$ cat start.pdb   # PDB, C-alpha atoms, pLDDT in the B column
ATOM      1  CA  PRO C1214      78.988  92.108 133.936  1.00 89.00           C
ATOM      2  CA  ASN C1215      80.240  88.835 132.518  1.00 95.00           C
ATOM      3  CA  VAL C1216      82.273  87.716 129.521  1.00 96.00           C
ATOM      4  CA  ILE C1217      79.202  87.913 127.269  1.00 96.00           C
ATOM      5  CA  SER C1218      78.457  91.531 128.146  1.00 96.00           C
ATOM      6  CA  TYR C1219      82.102  92.570 127.737  1.00 96.00           C
ATOM      7  CA  ASN C1220      82.273  90.734 124.408  1.00 97.00           C
ATOM      8  CA  ALA C1221      79.202  92.637 123.205  1.00 97.00           C
ATOM      9  CA  VAL C1222      80.949  95.924 123.995  1.00 97.00           C
ATOM     10  CA  LEU C1223      84.192  94.739 122.372  1.00 97.00           C
ATOM     11  CA  PHE C1224      82.284  93.642 119.279  1.00 97.00           C
ATOM     12  CA  ALA C1225      80.725  97.107 118.998  1.00 97.00           C
ATOM     13  CA  CYS C1226      84.182  98.678 119.319  1.00 96.00           C
ATOM     14  CA  ALA C1227      85.458  96.403 116.539  1.00 95.00           C
ATOM     15  CA  LYS C1228      82.561  97.295 114.241  1.00 95.00           C
ATOM     16  CA  ALA C1229      83.298 100.989 114.830  1.00 95.00           C
ATOM     17  CA  GLY C1230      87.041 100.492 114.335  1.00 93.00           C
ATOM     18  CA  ASP C1231      87.588 102.092 117.743  1.00 96.00           C
ATOM     19  CA  THR C1232      90.839 100.522 118.884  1.00 96.00           C
ATOM     20  CA  ARG C1233      91.244 102.774 121.915  1.00 97.00           C
ATOM     21  CA  ALA C1234      87.835 101.810 123.266  1.00 97.00           C
ATOM     22  CA  ALA C1235      88.446  98.134 122.500  1.00 97.00           C
ATOM     23  CA  ILE C1236      91.720  98.151 124.429  1.00 97.00           C
ATOM     24  CA  HIS C1237      90.099 100.120 127.258  1.00 97.00           C
ATOM     25  CA  TRP C1238      87.220  97.654 127.656  1.00 97.00           C
ATOM     26  CA  PHE C1239      89.546  94.677 127.301  1.00 97.00           C
ATOM     27  CA  GLY C1240      91.580  96.116 130.182  1.00 97.00           C
ATOM     28  CA  ARG C1241      88.460  96.696 132.269  1.00 97.00           C
ATOM     29  CA  MET C1242      87.439  93.107 131.613  1.00 97.00           C
ATOM     30  CA  GLU C1243      90.781  91.839 132.895  1.00 96.00           C
ATOM     31  CA  ALA C1244      90.671  94.241 135.880  1.00 96.00           C
ATOM     32  CA  ALA C1245      87.285  92.780 136.778  1.00 96.00           C
ATOM     33  CA  ARG C1246      88.984  89.364 136.788  1.00 96.00           C
ATOM     34  CA  ILE C1247      86.876  88.142 133.894  1.00 96.00           C
ATOM     35  CA  ALA C1248      88.904  85.900 131.627  1.00 96.00           C
ATOM     36  CA  PRO C1249      88.839  87.108 128.024  1.00 97.00           C
ATOM     37  CA  SER C1250      87.665  84.541 125.485  1.00 96.00           C
ATOM     38  CA  GLU C1251      88.671  83.962 121.878  1.00 96.00           C
ATOM     39  CA  GLU C1252      85.840  86.295 120.897  1.00 96.00           C
ATOM     40  CA  SER C1253      87.257  89.009 123.162  1.00 97.00           C
ATOM     41  CA  TYR C1254      90.626  88.853 121.447  1.00 97.00           C
ATOM     42  CA  ASN C1255      89.032  88.526 117.994  1.00 96.00           C
ATOM     43  CA  SER C1256      87.194  91.794 118.545  1.00 97.00           C
ATOM     44  CA  VAL C1257      90.386  93.668 119.397  1.00 97.00           C
ATOM     45  CA  VAL C1258      92.154  92.062 116.420  1.00 97.00           C
ATOM     46  CA  ALA C1259      89.244  93.060 114.165  1.00 96.00           C
ATOM     47  CA  ALA C1260      89.205  96.646 115.473  1.00 97.00           C
ATOM     48  CA  HIS C1261      92.863  97.068 114.550  1.00 96.00           C
ATOM     49  CA  ALA C1262      92.364  95.342 111.199  1.00 95.00           C
ATOM     50  CA  LYS C1263      89.441  97.600 110.336  1.00 94.00           C
ATOM     51  CA  VAL C1264      91.570 100.728 110.646  1.00 94.00           C
ATOM     52  CA  GLY C1265      94.588  99.260 108.841  1.00 91.00           C
ATOM     53  CA  GLU C1266      96.735  98.687 111.917  1.00 95.00           C
ATOM     54  CA  ALA C1267      98.018  95.351 110.669  1.00 96.00           C
ATOM     55  CA  HIS C1268     100.961  94.992 113.044  1.00 97.00           C
ATOM     56  CA  ALA C1269      98.727  95.701 116.039  1.00 97.00           C
ATOM     57  CA  ALA C1270      96.161  93.182 114.804  1.00 97.00           C
ATOM     58  CA  ALA C1271      98.898  90.559 114.503  1.00 97.00           C
ATOM     59  CA  ALA C1272     100.252  91.438 117.951  1.00 97.00           C
ATOM     60  CA  TRP C1273      96.832  90.839 119.504  1.00 97.00           C
ATOM     61  CA  LEU C1274      96.602  87.454 117.792  1.00 96.00           C
ATOM     62  CA  VAL C1275      99.978  86.595 119.358  1.00 96.00           C
ATOM     63  CA  LYS C1276      98.667  87.820 122.735  1.00 96.00           C
ATOM     64  CA  MET C1277      95.730  85.468 122.293  1.00 96.00           C
ATOM     65  CA  ARG C1278      98.101  82.549 121.823  1.00 95.00           C
ATOM     66  CA  ASN C1279     100.177  83.672 124.811  1.00 96.00           C
ATOM     67  CA  ALA C1280      96.981  83.613 126.887  1.00 96.00           C
ATOM     68  CA  GLN C1281      96.669  79.914 125.979  1.00 96.00           C
ATOM     69  CA  LEU C1282      93.689  80.571 123.708  1.00 96.00           C
ATOM     70  CA  ASN C1283      93.510  79.250 120.185  1.00 94.00           C
ATOM     71  CA  PRO C1284      93.131  81.723 117.355  1.00 94.00           C
ATOM     72  CA  THR C1285      90.215  80.960 115.075  1.00 93.00           C
ATOM     73  CA  ARG C1286      89.811  81.217 111.316  1.00 94.00           C
ATOM     74  CA  ILE C1287      88.283  84.642 112.006  1.00 93.00           C
ATOM     75  CA  SER C1288      91.421  85.700 113.909  1.00 94.00           C
ATOM     76  CA  PHE C1289      93.691  84.721 111.051  1.00 96.00           C
ATOM     77  CA  ASN C1290      91.443  86.209 108.367  1.00 96.00           C
ATOM     78  CA  SER C1291      91.371  89.539 110.208  1.00 95.00           C
ATOM     79  CA  VAL C1292      95.165  89.693 110.267  1.00 97.00           C
ATOM     80  CA  ILE C1293      95.483  88.503 106.651  1.00 96.00           C
ATOM     81  CA  ASN C1294      92.965  91.108 105.519  1.00 94.00           C
ATOM     82  CA  ALA C1295      94.698  93.847 107.533  1.00 95.00           C
ATOM     83  CA  TYR C1296      98.047  93.177 105.865  1.00 96.00           C
ATOM     84  CA  SER C1297      96.334  93.007 102.485  1.00 94.00           C
ATOM     85  CA  LYS C1298      94.792  96.444 103.046  1.00 92.00           C
ATOM     86  CA  VAL C1299      98.244  97.944 103.627  1.00 94.00           C
ATOM     87  CA  SER C1300      99.638  96.113 100.559  1.00 92.00           C
ATOM     88  CA  ASP C1301     102.091  94.019 102.595  1.00 95.00           C
ATOM     89  CA  VAL C1302     102.210  90.891 100.444  1.00 95.00           C
ATOM     90  CA  ASP C1303     104.963  89.231 102.469  1.00 95.00           C
ATOM     91  CA  GLN C1304     103.044  89.441 105.740  1.00 96.00           C
ATOM     92  CA  THR C1305      99.764  88.556 104.026  1.00 96.00           C
ATOM     93  CA  THR C1306     101.218  85.333 102.649  1.00 94.00           C
ATOM     94  CA  GLN C1307     103.108  84.554 105.875  1.00 96.00           C
ATOM     95  CA  TRP C1308      99.909  84.801 107.888  1.00 96.00           C
ATOM     96  CA  LEU C1309      98.103  82.688 105.305  1.00 95.00           C
ATOM     97  CA  SER C1310     100.778  80.023 105.847  1.00 95.00           C
ATOM     98  CA  ARG C1311     100.471  80.379 109.631  1.00 96.00           C
ATOM     99  CA  MET C1312      96.736  79.889 109.311  1.00 96.00           C
ATOM    100  CA  GLU C1313      97.266  76.670 107.375  1.00 95.00           C
ATOM    101  CA  ALA C1314      99.907  75.504 109.887  1.00 95.00           C
ATOM    102  CA  ALA C1315      97.343  76.055 112.661  1.00 94.00           C
ATOM    103  CA  GLY C1316      95.027  73.627 110.886  1.00 95.00           C
ATOM    104  CA  PHE C1317      92.676  76.036 109.142  1.00 95.00           C
ATOM    105  CA  ALA C1318      92.074  75.696 105.426  1.00 95.00           C
ATOM    106  CA  PRO C1319      91.934  79.095 103.753  1.00 95.00           C
ATOM    107  CA  ASP C1320      88.447  80.190 102.759  1.00 96.00           C
ATOM    108  CA  LEU C1321      87.023  82.788 100.407  1.00 95.00           C
ATOM    109  CA  VAL C1322      88.082  85.657 102.692  1.00 94.00           C
ATOM    110  CA  SER C1323      91.634  84.315 103.060  1.00 95.00           C
ATOM    111  CA  TYR C1324      92.217  83.794  99.377  1.00 95.00           C
ATOM    112  CA  THR C1325      90.531  87.018  98.278  1.00 94.00           C
ATOM    113  CA  SER C1326      92.624  89.015 100.751  1.00 94.00           C
ATOM    114  CA  ALA C1327      95.827  87.382  99.487  1.00 94.00           C
ATOM    115  CA  SER C1328      94.879  87.943  95.863  1.00 93.00           C
ATOM    116  CA  ASP C1329      93.966  91.538  96.608  1.00 93.00           C
ATOM    117  CA  ALA C1330      97.330  92.150  98.282  1.00 93.00           C
ATOM    118  CA  TYR C1331      99.087  91.179  95.053  1.00 93.00           C
ATOM    119  CA  ALA C1332      96.620  93.158  92.952  1.00 91.00           C
ATOM    120  CA  ARG C1333      97.184  96.322  95.015  1.00 90.00           C
ATOM    121  CA  ILE C1334     100.868  96.360  94.103  1.00 91.00           C
ATOM    122  CA  GLY C1335     100.355  95.471  90.442  1.00 89.00           C
ATOM    123  CA  ARG C1336     101.412  91.827  90.634  1.00 92.00           C
ATOM    124  CA  ALA C1337      98.506  90.639  88.516  1.00 91.00           C
ATOM    125  CA  ASP C1338     100.035  87.258  87.629  1.00 93.00           C
ATOM    126  CA  ASP C1339     100.493  86.444  91.322  1.00 93.00           C
ATOM    127  CA  ALA C1340      96.949  87.602  92.059  1.00 93.00           C
ATOM    128  CA  ALA C1341      95.685  85.261  89.340  1.00 93.00           C
ATOM    129  CA  MET C1342      97.740  82.381  90.772  1.00 94.00           C
ATOM    130  CA  VAL C1343      96.027  82.855  94.135  1.00 93.00           C
ATOM    131  CA  LEU C1344      92.694  82.693  92.310  1.00 93.00           C
ATOM    132  CA  GLU C1345      93.789  79.426  90.666  1.00 93.00           C
ATOM    133  CA  ARG C1346      94.901  78.076  94.049  1.00 93.00           C
ATOM    134  CA  MET C1347      91.478  79.001  95.430  1.00 93.00           C
ATOM    135  CA  GLU C1348      89.709  77.102  92.681  1.00 93.00           C
ATOM    136  CA  ALA C1349      92.032  74.108  93.124  1.00 94.00           C
ATOM    137  CA  ALA C1350      91.044  74.054  96.815  1.00 94.00           C
ATOM    138  CA  LEU C1351      87.403  73.965  95.684  1.00 94.00           C
ATOM    139  CA  VAL C1352      86.696  77.399  97.129  1.00 95.00           C
ATOM    140  CA  GLN C1353      84.318  79.192  94.782  1.00 92.00           C
ATOM    141  CA  PRO C1354      85.591  82.692  93.938  1.00 91.00           C
ATOM    142  CA  ASP C1355      83.025  85.452  94.157  1.00 91.00           C
ATOM    143  CA  ARG C1356      82.657  88.669  92.197  1.00 92.00           C
ATOM    144  CA  MET C1357      85.062  90.520  94.480  1.00 89.00           C
ATOM    145  CA  ALA C1358      87.792  87.911  93.941  1.00 88.00           C
ATOM    146  CA  PHE C1359      87.476  88.158  90.168  1.00 90.00           C
ATOM    147  CA  THR C1360      87.171  91.941  90.192  1.00 90.00           C
ATOM    148  CA  SER C1361      90.409  92.327  92.119  1.00 85.00           C
ATOM    149  CA  VAL C1362      92.351  90.211  89.618  1.00 88.00           C
ATOM    150  CA  ILE C1363      90.746  91.885  86.607  1.00 90.00           C
ATOM    151  CA  ALA C1364      91.548  95.322  88.023  1.00 85.00           C
ATOM    152  CA  ALA C1365      95.173  94.284  88.570  1.00 84.00           C
ATOM    153  CA  PHE C1366      95.529  93.257  84.922  1.00 89.00           C
ATOM    154  CA  ALA C1367      93.802  96.435  83.782  1.00 87.00           C
ATOM    155  CA  THR C1368      96.172  98.540  85.871  1.00 80.00           C
ATOM    156  CA  ILE C1369      99.225  97.027  84.194  1.00 78.00           C
ATOM    157  CA  GLY C1370      97.603  97.253  80.761  1.00 76.00           C
ATOM    158  CA  ARG C1371      97.034  93.572  80.097  1.00 70.00           C
TER     159      ARG C1371
END
$ encode --input "start.pdb" --output "structure tokens"
Amino acid sequence: PNVISYNAVLFACAKAGDTRAAIHWFGRMEAARIAPSEESYNSVVAAHAKVGEAHAAAAWLVKMRNAQLNPTRISFNSVINAYSKVSDVDQTTQWLSRMEAAGFAPDLVSYTSASDAYARIGRADDAAMVLERMEAALVQPDRMAFTSVIAAFATIGR
């Protein structure tokens, strides 16, 4: 086995949201003295994000940095989306800022996740401001971005 074969297994674990298997195979990879790549870490981050384990997803991104690997836009978006799913606006926006500080411009996924975090807790005006920020950055909102904001306003009766 090599890094490519381990990454294929880790990717499958991420798709299934199987964090235990992802951690197991990551450990086997290290035990085999095969250096994990950014993709290896991204898969473990994504597995945790998929099942709503936002703090664990963030911890794996930090582990990636500690391993002297650079998180990617995908890494940050996974963490941002994970915090959005658990309605943690503070962490969602903090990780969005960390992404920008790392040199990555937010994209459709980043902005939609941030907007959705606000929408989930009924902060429709803030959700709409994220949508405006997205448009100002010349990122074209999609149906999901608009739907989230519209649903937030509908929930609060506006």
$ closest_residue --input "start.pdb" --among "C:Arg1336, C:Lys1276, C:Arg1356, C:His1261" --to "Gly1370 in chain C" --atoms "only C-alpha atoms"
C:Arg1336
$ closest_residue --input "start.pdb" --among "C:Ala1271, C:Met1357, C:Ala1262, C:Ile1287" --to "Trp1308 in chain C" --atoms "all atoms listed in the file"
C:Ala1271
$ residues_around --input "start.pdb" --residues "Phe1239 in chain C" --least-positions-apart "2" --cutoff "9 Å" --atoms "only C-alpha atoms" --output "PyMOL selection string"
chain C and resi 1219-1220+1223+1234-1237+1241-1244+1249+1253-1254+1257
$ resolve_selection --input "start.pdb" --expression "the PyMOL selection byres ((chain C and resi 1346) around 12)" --output "list in words"
Ala1318, Pro1319, Asp1320, Leu1321, Ser1323, Tyr1324, Thr1325, Ala1327, Ser1328, Asp1339, Ala1340, Ala1341, Met1342, Val1343, Leu1344, Glu1345, Met1347, Glu1348, Ala1349, Ala1350, Leu1351, Val1352, Gln1353 and Pro1354 of chain C
$ atom_distance --input "start.pdb" --atom1 "CA of Arg1286 in chain C" --atom2 "CA of Asn1255 in chain C"
9.9 Å
$ residues_around --input "start.pdb" --residues "Val1264 in chain C" --least-positions-apart "4" --cutoff "12 Å" --atoms "all atoms listed in the file" --output "list in words"
Cys1226, Ala1227, Lys1228, Ala1229, Gly1230, Asp1231, Thr1232, Arg1233, Val1257, Val1258, Ala1259, Ala1260, His1268, Ala1269, Ala1270, Ser1291, Val1292, Asn1294, Ala1295, Tyr1296, Lys1298 and Val1299 of chain C
$ atom_distance --input "start.pdb" --atom1 "CA of Phe1359 in chain C" --atom2 "CA of Lys1263 in chain C"
22.4 Å
$ closest_residue --input "start.pdb" --among "C:Thr1368, C:Asn1215, C:Gln1281, C:Ser1310" --to "Ile1293 in chain C" --atoms "only C-alpha atoms"
C:Ser1310
$ residues_near_point --input "start.pdb" --point "(93.1, 83.0, 119.1)" --cutoff "7 Å" --atoms "all atoms listed in the file" --output "MDAnalysis selection string"
chainID C and resid 1251 1254:1255 1274 1277:1278 1282:1285 1288
$ atom_distance --input "start.pdb" --atom1 "CA of Gly1240 in chain C" --atom2 "CA of Asn1290 in chain C"
24.0 Å
$ decode --input "start.pdb" --residues "range 1282-1305 of chain C" --atoms "N, CA and C atoms" --output "CSV table (one decimal), in the first residue's frame"
chain,number,residue,atom,x,y,z
C,1282,LEU,N,1.6,20.4,7.4
C,1282,LEU,CA,0.9,20.4,6.1
C,1282,LEU,C,-0.1,21.6,6.1
C,1283,ASN,N,-0.3,22.1,4.9
C,1283,ASN,CA,-1.2,23.3,4.8
C,1283,ASN,C,-2.6,22.9,4.5
C,1284,PRO,N,-3.5,23.3,5.4
C,1284,PRO,CA,-4.9,23.1,5.1
C,1284,PRO,C,-5.3,23.7,3.7
C,1285,THR,N,-6.3,23.1,3.1
C,1285,THR,CA,-6.7,23.6,1.8
C,1285,THR,C,-8.1,24.3,2.0
C,1286,ARG,N,-8.6,24.9,0.9
C,1286,ARG,CA,-9.9,25.5,0.9
C,1286,ARG,C,-10.9,24.4,1.4
C,1287,ILE,N,-10.8,23.2,0.9
C,1287,ILE,CA,-11.6,22.0,1.2
C,1287,ILE,C,-11.6,21.8,2.7
C,1288,SER,N,-10.4,21.8,3.3
C,1288,SER,CA,-10.3,21.6,4.8
C,1288,SER,C,-11.1,22.7,5.5
C,1289,PHE,N,-10.9,23.9,5.2
C,1289,PHE,CA,-11.6,25.0,5.9
C,1289,PHE,C,-13.1,24.9,5.6
C,1290,ASN,N,-13.5,24.6,4.4
C,1290,ASN,CA,-15.0,24.5,4.1
C,1290,ASN,C,-15.6,23.4,4.9
C,1291,SER,N,-14.9,22.3,5.1
C,1291,SER,CA,-15.5,21.2,5.8
C,1291,SER,C,-15.8,21.6,7.3
C,1292,VAL,N,-14.8,22.3,7.9
C,1292,VAL,CA,-15.0,22.8,9.3
C,1292,VAL,C,-16.1,23.8,9.4
C,1293,ILE,N,-16.1,24.8,8.4
C,1293,ILE,CA,-17.1,25.8,8.4
C,1293,ILE,C,-18.5,25.2,8.3
C,1294,ASN,N,-18.6,24.3,7.4
C,1294,ASN,CA,-19.9,23.6,7.2
C,1294,ASN,C,-20.3,22.8,8.4
C,1295,ALA,N,-19.3,22.1,9.1
C,1295,ALA,CA,-19.6,21.3,10.3
C,1295,ALA,C,-20.2,22.2,11.4
C,1296,TYR,N,-19.6,23.4,11.6
C,1296,TYR,CA,-20.1,24.3,12.6
C,1296,TYR,C,-21.4,24.9,12.2
C,1297,SER,N,-21.6,25.1,11.0
C,1297,SER,CA,-22.9,25.6,10.5
C,1297,SER,C,-24.0,24.6,10.8
C,1298,LYS,N,-23.7,23.3,10.5
C,1298,LYS,CA,-24.7,22.3,10.8
C,1298,LYS,C,-25.2,22.2,12.2
C,1299,VAL,N,-24.3,22.5,13.1
C,1299,VAL,CA,-24.6,22.5,14.6
C,1299,VAL,C,-25.0,23.8,15.1
C,1300,SER,N,-25.3,24.8,14.2
C,1300,SER,CA,-25.8,26.1,14.5
C,1300,SER,C,-24.8,26.9,15.4
C,1301,ASP,N,-23.5,26.7,15.2
C,1301,ASP,CA,-22.6,27.5,16.0
C,1301,ASP,C,-22.0,28.6,15.2
C,1302,VAL,N,-22.8,29.7,15.2
C,1302,VAL,CA,-22.4,30.9,14.4
C,1302,VAL,C,-21.0,31.4,14.7
C,1303,ASP,N,-20.7,31.5,16.0
C,1303,ASP,CA,-19.4,32.1,16.4
C,1303,ASP,C,-18.3,31.3,15.8
C,1304,GLN,N,-18.3,29.9,15.9
C,1304,GLN,CA,-17.2,29.1,15.3
C,1304,GLN,C,-17.3,29.2,13.8
C,1305,THR,N,-18.5,29.2,13.2
C,1305,THR,CA,-18.6,29.3,11.8
C,1305,THR,C,-17.9,30.5,11.3
